[in-house]
file final_30.cif (mmCIF, C-alpha atoms)
data_upload
loop_
_atom_site.label_atom_id
_atom_site.label_comp_id
_atom_site.auth_asym_id
_atom_site.auth_seq_id
_atom_site.Cartn_x
_atom_site.Cartn_y
_atom_site.Cartn_z
CA MET A 198 -33.52 76.43 47.26
CA ALA A 199 -34.03 73.68 44.70
CA LYS A 200 -32.84 70.19 45.55
CA LYS A 201 -30.15 68.73 43.34
CA LEU A 202 -29.75 65.33 41.67
CA ALA A 203 -26.44 64.15 40.23
CA LEU A 204 -26.35 61.02 38.07
CA ILE A 205 -23.56 59.09 36.42
CA ALA A 206 -24.76 57.23 33.32
CA SER A 207 -22.21 54.56 32.45
CA LYS A 208 -24.20 52.04 30.39
CA GLY A 209 -25.26 52.23 26.77
CA THR A 210 -27.81 49.49 26.18
CA LEU A 211 -31.50 50.06 25.44
CA ASP A 212 -32.60 48.74 28.84
CA TRP A 213 -30.05 50.67 30.89
CA ALA A 214 -30.74 53.86 28.97
CA TYR A 215 -34.04 54.12 30.87
CA PRO A 216 -33.04 54.66 34.52
CA PRO A 217 -30.99 57.84 34.06
CA PHE A 218 -33.51 59.51 31.76
CA ILE A 219 -36.56 58.45 33.81
CA LEU A 220 -35.02 59.64 37.07
CA ALA A 221 -33.67 62.86 35.58
CA SER A 222 -36.91 63.86 33.85
CA THR A 223 -38.98 63.01 36.93
CA ALA A 224 -36.63 64.88 39.27
CA ALA A 225 -36.85 67.90 36.98
CA ALA A 226 -40.66 67.67 37.19
CA LEU A 227 -40.24 67.71 40.98
CA ASP A 228 -38.26 70.95 40.63
CA TYR A 229 -34.84 69.39 41.18
CA GLU A 230 -31.82 70.85 39.47
CA VAL A 231 -30.33 67.87 37.59
CA GLU A 232 -27.02 67.01 36.00
CA ILE A 233 -26.08 63.75 34.30
CA PHE A 234 -22.44 62.85 33.74
CA PHE A 235 -22.17 60.44 30.80
CA THR A 236 -19.09 58.26 30.85
CA PHE A 237 -17.84 55.17 29.03
CA TYR A 238 -20.73 53.35 27.28
CA GLY A 239 -23.16 55.91 28.67
CA LEU A 240 -21.83 58.36 26.05
CA THR A 241 -23.86 56.41 23.50
CA LEU A 242 -26.97 57.97 25.04
CA LEU A 243 -25.85 61.42 23.89
CA LYS A 244 -25.54 60.47 20.22
CA LYS A 245 -27.82 62.19 17.74
CA ASP A 246 -29.15 58.85 16.53
CA LEU A 247 -30.44 56.57 19.27
CA SER A 248 -31.99 54.02 16.92
CA ASP A 249 -29.09 51.60 17.23
CA LEU A 250 -29.44 51.10 21.00
CA LYS A 251 -29.68 47.36 21.62
CA VAL A 252 -30.47 44.95 24.41
CA SER A 253 -28.74 41.60 24.67
CA PRO A 254 -30.16 38.54 26.39
CA LEU A 255 -26.64 37.09 26.50
CA GLY A 256 -25.21 37.03 29.99
CA ASN A 257 -28.50 38.33 31.37
CA PRO A 258 -30.32 35.35 32.89
CA ALA A 259 -32.96 37.63 34.46
CA MET A 260 -34.27 38.87 31.10
CA PRO A 261 -37.78 37.47 30.61
CA MET A 262 -37.92 35.36 27.44
CA PRO A 263 -40.99 33.84 25.76
CA VAL A 264 -39.34 30.39 25.90
CA PRO A 265 -36.36 29.27 27.99
CA MET A 266 -33.23 29.94 25.94
CA PRO A 267 -29.78 28.60 26.76
CA ASN A 268 -26.72 30.83 26.21
CA PHE A 269 -25.53 28.91 23.15
CA VAL A 270 -28.79 29.78 21.38
CA GLN A 271 -28.63 33.41 22.46
CA MET A 272 -25.20 33.78 20.87
CA LEU A 273 -26.46 32.88 17.39
CA PRO A 274 -26.30 35.68 14.79
CA GLY A 275 -29.43 37.84 14.83
CA MET A 276 -30.52 36.97 18.37
CA GLU A 277 -29.55 40.37 19.74
CA THR A 278 -31.44 42.14 16.96
CA MET A 279 -34.46 39.94 17.63
CA ALA A 280 -34.36 40.58 21.38
CA THR A 281 -34.10 44.31 20.67
CA MET A 282 -37.08 44.25 18.33
CA MET A 283 -39.12 42.34 20.90
CA MET A 284 -38.19 44.81 23.62
CA LYS A 285 -39.09 47.82 21.44
CA GLN A 286 -42.42 46.22 20.60
CA LYS A 287 -43.15 45.69 24.31
CA ILE A 288 -42.15 49.27 25.09
CA ALA A 289 -44.62 50.56 22.49
CA ASP A 290 -47.40 48.16 23.57
CA LYS A 291 -47.18 49.13 27.24
CA GLY A 292 -47.17 52.90 26.70
CA VAL A 293 -43.60 53.22 27.95
CA ALA A 294 -41.84 56.31 26.63
CA SER A 295 -39.12 55.97 24.01
CA ILE A 296 -35.59 56.95 25.00
CA GLU A 297 -35.77 59.86 22.53
CA ASP A 298 -38.91 61.19 24.24
CA LEU A 299 -37.40 60.93 27.73
CA ARG A 300 -34.16 62.56 26.61
CA ASN A 301 -36.14 65.40 25.03
CA ALA A 302 -38.18 65.77 28.22
CA CYS A 303 -34.90 66.13 30.12
CA LEU A 304 -33.58 68.75 27.71
CA GLU A 305 -36.84 70.71 27.73
CA SER A 306 -36.85 70.82 31.52
CA GLY A 307 -33.28 72.06 31.76
CA VAL A 308 -31.42 68.89 32.75
CA LYS A 309 -27.71 69.45 32.13
CA PHE A 310 -25.78 66.78 30.19
CA ILE A 311 -22.01 66.48 30.66
CA ALA A 312 -19.97 64.19 28.40
CA CYS A 313 -16.81 62.70 29.91
CA GLN A 314 -14.01 64.23 27.83
CA MET A 315 -11.58 61.40 28.60
CA THR A 316 -13.95 58.72 27.28
CA VAL A 317 -14.77 60.84 24.21
CA ASP A 318 -11.04 60.85 23.43
CA LEU A 319 -10.61 57.19 24.37
CA PHE A 320 -13.30 56.02 21.95
CA ASP A 321 -12.39 58.55 19.23
CA PHE A 322 -15.87 60.07 19.31
CA LYS A 323 -16.32 63.47 17.67
CA ALA A 324 -18.24 66.38 19.17
CA THR A 325 -20.40 66.28 16.05
CA ASP A 326 -21.58 62.74 16.96
CA PHE A 327 -23.51 64.20 19.88
CA ILE A 328 -26.65 66.27 20.27
CA GLU A 329 -26.41 70.04 20.67
CA GLY A 330 -26.31 71.74 24.02
CA ILE A 331 -24.13 69.31 25.98
CA GLU A 332 -20.97 70.18 27.87
CA PHE A 333 -17.67 68.34 28.07
CA GLY A 334 -15.78 67.86 31.30
CA GLY A 335 -13.96 65.53 33.64
CA ALA A 336 -14.22 64.09 37.13
CA ALA A 337 -13.61 67.45 38.81
CA THR A 338 -16.50 68.96 36.83
CA TYR A 339 -18.72 66.15 38.05
CA PHE A 340 -17.77 66.71 41.70
CA GLN A 341 -18.43 70.42 41.48
CA PHE A 342 -22.12 69.63 41.10
CA ALA A 343 -22.25 66.23 42.85
CA GLY A 344 -20.59 67.58 45.97
CA GLU A 345 -23.50 69.86 46.65
CA SER A 346 -26.26 67.52 45.44
CA ASP A 347 -28.93 65.90 47.62
CA VAL A 348 -29.16 62.66 45.65
CA ASN A 349 -26.29 61.07 43.81
CA LEU A 350 -26.53 57.82 41.81
CA PHE A 351 -24.22 55.72 39.70
CA ILE A 352 -26.08 53.91 36.94
CA MET B 116 -65.56 69.06 39.88
CA GLU B 117 -64.60 72.20 38.00
CA PHE B 118 -61.22 72.46 36.32
CA ASP B 119 -59.32 74.82 34.04
CA LYS B 120 -57.40 72.37 31.88
CA GLU B 121 -57.46 68.65 31.15
CA VAL B 122 -54.55 66.32 30.42
CA ASP B 123 -55.24 62.86 29.03
CA ALA B 124 -52.47 60.45 30.05
CA THR B 125 -54.41 57.26 29.39
CA GLY B 126 -52.32 54.37 28.12
CA LEU B 127 -49.09 56.02 29.23
CA ASN B 128 -46.68 54.50 31.69
CA CYS B 129 -44.29 55.86 34.33
CA PRO B 130 -42.97 58.57 34.29
CA LEU B 131 -45.07 60.03 31.43
CA PRO B 132 -48.26 60.81 33.43
CA ILE B 133 -46.20 62.89 35.89
CA LEU B 134 -44.30 64.64 33.08
CA ARG B 135 -47.58 65.46 31.29
CA CYS B 136 -49.05 66.70 34.57
CA LYS B 137 -46.07 68.95 35.19
CA LYS B 138 -46.34 70.35 31.67
CA GLY B 139 -50.06 70.95 32.12
CA LEU B 140 -49.52 72.76 35.41
CA SER B 141 -46.89 75.00 33.83
CA GLU B 142 -49.58 76.31 31.48
CA LEU B 143 -51.89 77.30 34.36
CA SER B 144 -51.90 80.24 36.78
CA ALA B 145 -51.73 79.85 40.56
CA ALA B 146 -54.84 78.27 42.14
CA GLN B 147 -56.17 77.02 38.80
CA VAL B 148 -57.11 73.33 38.66
CA LEU B 149 -55.68 70.68 36.36
CA LYS B 150 -57.56 67.46 35.63
CA VAL B 151 -55.36 64.47 34.73
CA ILE B 152 -56.69 61.10 33.59
CA SER B 153 -54.35 58.13 33.93
CA THR B 154 -54.65 54.37 33.52
CA ASP B 155 -51.32 53.59 35.17
CA PRO B 156 -52.03 51.96 38.59
CA GLY B 157 -48.67 53.28 39.84
CA SER B 158 -49.83 56.85 39.26
CA VAL B 159 -51.94 56.92 42.45
CA LYS B 160 -48.88 56.74 44.67
CA ASP B 161 -46.84 58.83 42.25
CA PHE B 162 -49.30 61.72 42.05
CA ASN B 163 -49.48 61.84 45.84
CA ALA B 164 -45.69 61.92 46.02
CA PHE B 165 -45.55 64.56 43.28
CA CYS B 166 -47.95 66.83 45.16
CA VAL B 167 -46.27 66.33 48.56
CA GLN B 168 -42.90 67.27 47.07
CA THR B 169 -43.94 70.18 44.85
CA GLY B 170 -46.62 71.84 46.99
CA HIS B 171 -49.40 71.52 44.42
CA GLU B 172 -52.61 70.37 46.07
CA LEU B 173 -54.32 67.10 45.18
CA LEU B 174 -57.96 68.11 45.60
CA GLN B 175 -59.65 64.91 44.54
CA LEU B 176 -59.03 61.44 43.11
CA ASP B 177 -61.79 59.60 41.27
CA GLU B 178 -61.33 55.93 40.48
CA ASP B 179 -63.25 53.61 38.24
CA ASP B 180 -62.44 50.12 36.93
CA THR B 181 -59.99 51.32 34.32
CA SER B 182 -58.80 54.81 35.15
CA PHE B 183 -57.79 57.33 37.79
CA THR B 184 -58.74 61.00 37.58
CA PHE B 185 -56.76 63.54 39.56
CA TYR B 186 -57.73 67.15 40.26
CA ILE B 187 -54.66 69.18 41.16
CA LYS B 188 -54.65 72.82 42.25
CA LYS B 189 -51.57 74.74 41.23
CA ARG B 190 -49.52 76.13 44.12
CA ALA B 191 -49.19 79.86 44.80
CA SER B 192 -45.64 80.68 43.72
#

call {"tool": "encode", "arguments": {"input": "final_30.cif", "output": "C-alpha coordinates"}}
result
Amino acid sequence: MAKKLALIASKGTLDWAYPPFILASTAAALDYEVEIFFTFYGLTLLKKDLSDLKVSPLGNPAMPMPVPMPNFVQMLPGMETMATMMMKQKIADKGVASIEDLRNACLESGVKFIACQMTVDLFDFKATDFIEGIEFGGAATYFQFAGESDVNLFI
Amino acid sequence: MEFDKEVDATGLNCPLPILRCKKGLSELSAAQVLKVISTDPGSVKDFNAFCVQTGHELLQLDEDDTSFTFYIKKRAS
(Lines of atoms letter the chains of each structure in order from A and count residues from 1; the text may use other names and numbers.)
(Lines give C-alpha, C1' and ligand atoms only; values in the text may rest on other atoms or scores of the structure.)
Protein backbone atom coordinates (compact mmCIF):
# COMPACT_ATOMS: atom_id res chain seq x y z
CA MET A 1 0.00 0.00 0.00
CA ALA A 2 1.24 3.49 -0.83
CA LYS A 3 2.67 5.61 1.96
CA LYS A 4 0.84 8.82 2.75
CA LEU A 5 2.05 12.38 3.35
CA ALA A 6 -0.16 15.04 4.91
CA LEU A 7 0.98 18.67 4.88
CA ILE A 8 -0.48 21.84 6.31
CA ALA A 9 0.59 24.91 4.32
CA SER A 10 -0.01 28.00 6.44
CA LYS A 11 2.35 30.60 4.94
CA GLY A 12 1.94 32.66 1.80
CA THR A 13 5.29 34.26 1.04
CA LEU A 14 7.49 33.40 -1.94
CA ASP A 15 10.13 31.70 0.22
CA TRP A 16 7.69 29.66 2.30
CA ALA A 17 5.75 28.60 -0.77
CA TYR A 18 8.63 26.26 -1.62
CA PRO A 19 8.67 23.66 1.19
CA PRO A 20 5.11 22.35 0.76
CA PHE A 21 5.32 22.12 -3.03
CA ILE A 22 8.85 20.64 -3.06
CA LEU A 23 7.97 18.01 -0.47
CA ALA A 24 4.62 17.18 -2.03
CA SER A 25 5.93 16.82 -5.58
CA THR A 26 8.90 14.76 -4.42
CA ALA A 27 6.74 12.51 -2.24
CA ALA A 28 4.43 11.95 -5.20
CA ALA A 29 7.49 10.96 -7.27
CA LEU A 30 8.29 8.46 -4.51
CA ASP A 31 4.79 7.01 -4.94
CA TYR A 32 3.31 8.60 -1.82
CA GLU A 33 -0.32 9.57 -1.75
CA VAL A 34 -0.24 13.27 -0.81
CA GLU A 35 -2.69 15.82 0.52
CA ILE A 36 -1.98 19.45 1.36
CA PHE A 37 -4.34 21.40 3.58
CA PHE A 38 -4.01 25.13 2.82
CA THR A 39 -5.01 27.39 5.67
CA PHE A 40 -4.67 31.07 6.55
CA TYR A 41 -1.96 32.75 4.42
CA GLY A 42 -1.23 29.41 2.76
CA LEU A 43 -4.46 29.87 0.77
CA THR A 44 -2.56 32.42 -1.33
CA LEU A 45 -0.69 29.48 -2.87
CA LEU A 46 -3.91 28.21 -4.43
CA LYS A 47 -4.69 31.43 -6.28
CA LYS A 48 -4.74 31.35 -10.07
CA ASP A 49 -2.14 34.10 -10.24
CA LEU A 50 1.00 33.45 -8.22
CA SER A 51 2.95 36.38 -9.63
CA ASP A 52 2.31 38.58 -6.61
CA LEU A 53 4.00 36.26 -4.10
CA LYS A 54 6.58 38.33 -2.22
CA VAL A 55 9.43 37.86 0.20
CA SER A 56 10.19 40.43 2.87
CA PRO A 57 13.58 40.97 4.48
CA LEU A 58 11.83 42.81 7.31
CA GLY A 59 11.85 40.84 10.54
CA ASN A 60 13.96 38.15 8.89
CA PRO A 61 17.54 38.67 10.08
CA ALA A 62 18.64 35.35 8.54
CA MET A 63 17.88 36.44 4.97
CA PRO A 64 21.19 36.81 3.12
CA MET A 65 21.58 40.37 1.82
CA PRO A 66 24.28 41.75 -0.51
CA VAL A 67 25.12 44.44 2.08
CA PRO A 68 24.18 44.56 5.77
CA MET A 69 20.83 46.33 6.01
CA PRO A 70 19.28 47.59 9.24
CA ASN A 71 15.51 47.25 9.77
CA PHE A 72 14.83 50.96 9.28
CA VAL A 73 16.22 50.72 5.74
CA GLN A 74 14.28 47.55 4.99
CA MET A 75 11.02 49.29 5.86
CA LEU A 76 11.45 51.94 3.16
CA PRO A 77 8.89 51.84 0.32
CA GLY A 78 9.97 49.52 -2.48
CA MET A 79 12.36 47.41 -0.42
CA GLU A 80 10.04 44.41 -0.38
CA THR A 81 9.57 44.61 -4.15
CA MET A 82 13.33 44.85 -4.59
CA ALA A 83 14.01 41.89 -2.30
CA THR A 84 11.40 39.89 -4.22
CA MET A 85 12.96 40.75 -7.57
CA MET A 86 16.39 39.76 -6.28
CA MET A 87 15.05 36.46 -4.96
CA LYS A 88 13.29 35.66 -8.26
CA GLN A 89 16.48 36.44 -10.16
CA LYS A 90 18.46 34.08 -7.90
CA ILE A 91 15.82 31.37 -8.31
CA ALA A 92 16.13 31.61 -12.11
CA ASP A 93 19.96 31.78 -12.04
CA LYS A 94 20.32 28.67 -9.88
CA GLY A 95 17.93 26.47 -11.86
CA VAL A 96 15.44 26.34 -8.99
CA ALA A 97 11.90 25.60 -10.13
CA SER A 98 9.28 28.34 -10.08
CA ILE A 99 6.35 27.93 -7.69
CA GLU A 100 4.02 27.58 -10.70
CA ASP A 101 6.10 24.67 -12.05
CA LEU A 102 6.18 22.87 -8.69
CA ARG A 103 2.45 23.38 -8.17
CA ASN A 104 1.78 21.99 -11.66
CA ALA A 105 4.05 19.03 -10.93
CA CYS A 106 1.96 18.36 -7.82
CA LEU A 107 -1.31 18.56 -9.76
CA GLU A 108 -0.02 16.35 -12.57
CA SER A 109 1.07 13.68 -10.10
CA GLY A 110 -2.26 13.62 -8.30
CA VAL A 111 -1.49 15.60 -5.14
CA LYS A 112 -4.78 16.61 -3.54
CA PHE A 113 -5.24 20.27 -2.51
CA ILE A 114 -7.74 21.15 0.23
CA ALA A 115 -8.60 24.79 0.95
CA CYS A 116 -9.62 25.60 4.52
CA GLN A 117 -13.25 26.73 4.17
CA MET A 118 -13.16 28.76 7.39
CA THR A 119 -10.21 30.87 6.22
CA VAL A 120 -11.77 31.30 2.77
CA ASP A 121 -14.80 32.81 4.51
CA LEU A 122 -12.68 34.78 6.98
CA PHE A 123 -10.70 36.52 4.24
CA ASP A 124 -13.69 36.89 1.88
CA PHE A 125 -11.97 34.88 -0.84
CA LYS A 126 -14.13 33.56 -3.67
CA ALA A 127 -13.96 30.04 -5.09
CA THR A 128 -13.22 31.67 -8.45
CA ASP A 129 -9.97 33.15 -7.03
CA PHE A 130 -8.51 29.66 -6.88
CA ILE A 131 -7.26 27.15 -9.43
CA GLU A 132 -9.55 24.37 -10.64
CA GLY A 133 -9.62 20.95 -9.08
CA ILE A 134 -9.23 21.85 -5.40
CA GLU A 135 -11.55 20.80 -2.60
CA PHE A 136 -12.87 22.79 0.34
CA GLY A 137 -13.02 21.41 3.85
CA GLY A 138 -12.31 21.89 7.53
CA ALA A 139 -10.21 20.42 10.31
CA ALA A 140 -12.14 17.15 10.35
CA THR A 141 -11.47 16.70 6.62
CA TYR A 142 -7.77 17.20 7.30
CA PHE A 143 -7.72 14.58 10.07
CA GLN A 144 -9.49 12.02 7.92
CA PHE A 145 -6.37 11.84 5.76
CA ALA A 146 -3.74 12.94 8.31
CA GLY A 147 -4.84 10.33 10.82
CA GLU A 148 -3.80 7.54 8.52
CA SER A 149 -0.72 9.23 7.04
CA ASP A 150 2.89 8.15 7.57
CA VAL A 151 4.38 11.64 7.52
CA ASN A 152 2.62 14.74 8.72
CA LEU A 153 4.12 18.25 8.65
CA PHE A 154 2.99 21.74 9.54
CA ILE A 155 4.62 24.37 7.36
CA MET B 1 26.12 1.61 -21.23
CA GLU B 2 22.98 1.00 -23.25
CA PHE B 3 19.79 2.86 -22.43
CA ASP B 4 16.28 3.31 -23.81
CA LYS B 5 15.65 6.96 -23.02
CA GLU B 6 17.67 9.98 -21.94
CA VAL B 7 16.64 12.83 -19.65
CA ASP B 8 18.78 15.96 -19.51
CA ALA B 9 18.44 17.63 -16.10
CA THR B 10 21.58 19.75 -16.35
CA GLY B 11 21.34 23.15 -14.68
CA LEU B 12 18.28 22.11 -12.69
CA ASN B 13 18.12 22.11 -8.92
CA CYS B 14 16.32 20.01 -6.30
CA PRO B 15 13.72 18.54 -6.69
CA LEU B 16 13.56 18.93 -10.50
CA PRO B 17 16.09 16.20 -11.45
CA ILE B 18 14.06 13.65 -9.45
CA LEU B 19 10.76 14.87 -10.92
CA ARG B 20 12.20 14.67 -14.47
CA CYS B 21 13.55 11.20 -13.71
CA LYS B 22 10.18 10.02 -12.45
CA LYS B 23 8.50 11.40 -15.57
CA GLY B 24 11.07 9.70 -17.79
CA LEU B 25 10.58 6.36 -16.05
CA SER B 26 6.81 6.61 -16.47
CA GLU B 27 7.34 6.61 -20.24
CA LEU B 28 9.35 3.36 -20.15
CA SER B 29 8.35 -0.30 -19.80
CA ALA B 30 9.59 -2.56 -17.01
CA ALA B 31 13.33 -3.39 -17.17
CA GLN B 32 14.07 -0.60 -19.67
CA VAL B 33 16.90 1.75 -18.74
CA LEU B 34 16.71 5.51 -18.27
CA LYS B 35 19.80 7.71 -18.50
CA VAL B 36 19.65 10.94 -16.48
CA ILE B 37 22.29 13.67 -16.60
CA SER B 38 22.39 16.09 -13.66
CA THR B 39 24.71 18.84 -12.50
CA ASP B 40 23.18 19.13 -9.03
CA PRO B 41 25.70 17.72 -6.49
CA GLY B 42 22.78 16.85 -4.18
CA SER B 43 21.36 14.51 -6.81
CA VAL B 44 23.87 11.73 -6.00
CA LYS B 45 22.36 11.14 -2.58
CA ASP B 46 18.86 11.91 -3.85
CA PHE B 47 18.94 9.42 -6.72
CA ASN B 48 20.14 6.71 -4.36
CA ALA B 49 17.31 7.54 -1.97
CA PHE B 50 14.82 7.64 -4.85
CA CYS B 51 15.84 4.17 -6.04
CA VAL B 52 15.90 2.64 -2.54
CA GLN B 53 12.38 3.90 -1.88
CA THR B 54 10.77 3.16 -5.25
CA GLY B 55 12.44 -0.14 -6.16
CA HIS B 56 13.94 1.10 -9.43
CA GLU B 57 17.51 -0.10 -9.79
CA LEU B 58 20.46 2.30 -10.01
CA LEU B 59 22.71 0.36 -12.39
CA GLN B 60 25.54 2.82 -12.74
CA LEU B 61 26.70 6.32 -11.82
CA ASP B 62 29.30 8.11 -13.93
CA GLU B 63 30.89 11.27 -12.59
CA ASP B 64 33.02 13.87 -14.26
CA ASP B 65 34.08 17.36 -13.13
CA THR B 66 30.75 18.97 -13.89
CA SER B 67 28.05 16.34 -14.12
CA PHE B 68 26.60 13.08 -12.84
CA THR B 69 25.08 10.47 -15.14
CA PHE B 70 22.69 7.92 -13.71
CA TYR B 71 21.50 4.72 -15.39
CA ILE B 72 18.27 3.53 -13.80
CA LYS B 73 16.45 0.30 -14.64
CA LYS B 74 12.70 0.50 -14.28
CA ARG B 75 11.21 -1.87 -11.70
CA ALA B 76 8.97 -4.79 -12.65
CA SER B 77 5.50 -3.68 -11.56

call {"tool": "atom_distance", "arguments": {"input": "final_30.cif", "atom1": "atom CA of A:Met262", "atom2": "atom CA of A:Ile288"}}
result
14.7 Å

call {"tool": "resolve_selection", "arguments": {"input": "final_30.cif", "expression": "the PyMOL selection byres ((chain B) within 6 of (chain A))", "output": "PyMOL selection string"}}
result
chain B and resi 126-128+137+169

call {"tool": "resolve_selection", "arguments": {"input": "final_30.cif", "expression": "the PyMOL selection byres ((chain A and resi 235) around 6)", "output": "ChimeraX atom specification"}}
result
/A:205-206,234,236,239-240,312-313

call {"tool": "resolve_selection", "arguments": {"input": "final_30.cif", "expression": "the PyMOL selection byres ((chain B and resi 117) around 10)", "output": "list of chain:residue names"}}
result
B:Met116, B:Phe118, B:Asp119, B:Lys120, B:Gln147, B:Val148, B:Leu149, B:Lys150, B:Tyr186

call {"tool": "write_last_selection", "arguments": {"input": "final_30.cif", "atoms": "C-alpha atoms", "output": "CSV table (one decimal), keeping the file's coordinate frame"}}
result
chain,number,residue,atom,x,y,z
B,116,MET,CA,-65.6,69.1,39.9
B,118,PHE,CA,-61.2,72.5,36.3
B,119,ASP,CA,-59.3,74.8,34.0
B,120,LYS,CA,-57.4,72.4,31.9
B,147,GLN,CA,-56.2,77.0,38.8
B,148,VAL,CA,-57.1,73.3,38.7
B,149,LEU,CA,-55.7,70.7,36.4
B,150,LYS,CA,-57.6,67.5,35.6
B,186,TYR,CA,-57.7,67.2,40.3

call {"tool": "residues_around", "arguments": {"input": "final_30.cif", "residues": "stretch 269-282 of chain A", "least_positions_apart": "2", "cutoff": "6 Å", "atoms": "only C-alpha atoms", "output": "PyMOL selection string"}}
result
chain A and resi 251-253+255+267+284-285

call {"tool": "atom_distance", "arguments": {"input": "final_30.cif", "atom1": "atom CA of B:Asn163", "atom2": "atom CA of A:Val231"}}
result
21.7 Å

call {"tool": "atom_distance", "arguments": {"input": "final_30.cif", "atom1": "atom CA of A:Pro217", "atom2": "atom CA of B:Pro130"}}
result
12.0 Å

call {"tool": "residues_near_point", "arguments": {"input": "final_30.cif", "point": "(-60.2, 59.7, 43.8)", "cutoff": "9 Å", "atoms": "only C-alpha atoms", "output": "number ranges by chain"}}
result
B: 159, 174-179, 183-186

call {"tool": "residues_around", "arguments": {"input": "final_30.cif", "residues": "A:Asp246", "least_positions_apart": "2", "cutoff": "10 Å", "atoms": "all atoms listed in the file", "output": "ChimeraX atom specification"}}
result
/A:241-244,248-250,297,326-328

call {"tool": "closest_residue", "arguments": {"input": "final_30.cif", "among": "A:Met315, A:Ala343, A:Ile296, A:Ile331", "to": "A:Trp213", "atoms": "all atoms listed in the file"}}
result
A:Ile296

call {"tool": "closest_residue", "arguments": {"input": "final_30.cif", "among": "B:Leu173, B:Pro156, B:Leu134, B:Phe162", "to": "B:Lys188", "atoms": "all atoms listed in the file"}}
result
B:Leu173

call {"tool": "closest_residue", "arguments": {"input": "final_30.cif", "among": "A:Leu204, A:Ala199, A:Met283, A:Asn268", "to": "A:Gly256", "atoms": "only C-alpha atoms"}}
result
A:Asn268

call {"tool": "closest_residue", "arguments": {"input": "final_30.cif", "among": "B:Lys160, B:Ser144, B:Cys129, B:Cys136", "to": "B:Ala191", "atoms": "all atoms listed in the file"}}
result
B:Ser144

call {"tool": "residues_around", "arguments": {"input": "final_30.cif", "residues": "A:Tyr339", "least_positions_apart": "4", "cutoff": "9 Å", "atoms": "all atoms listed in the file", "output": "PyMOL selection string"}}
result
chain A and resi 203+205+232-234+311+334-335+343-344
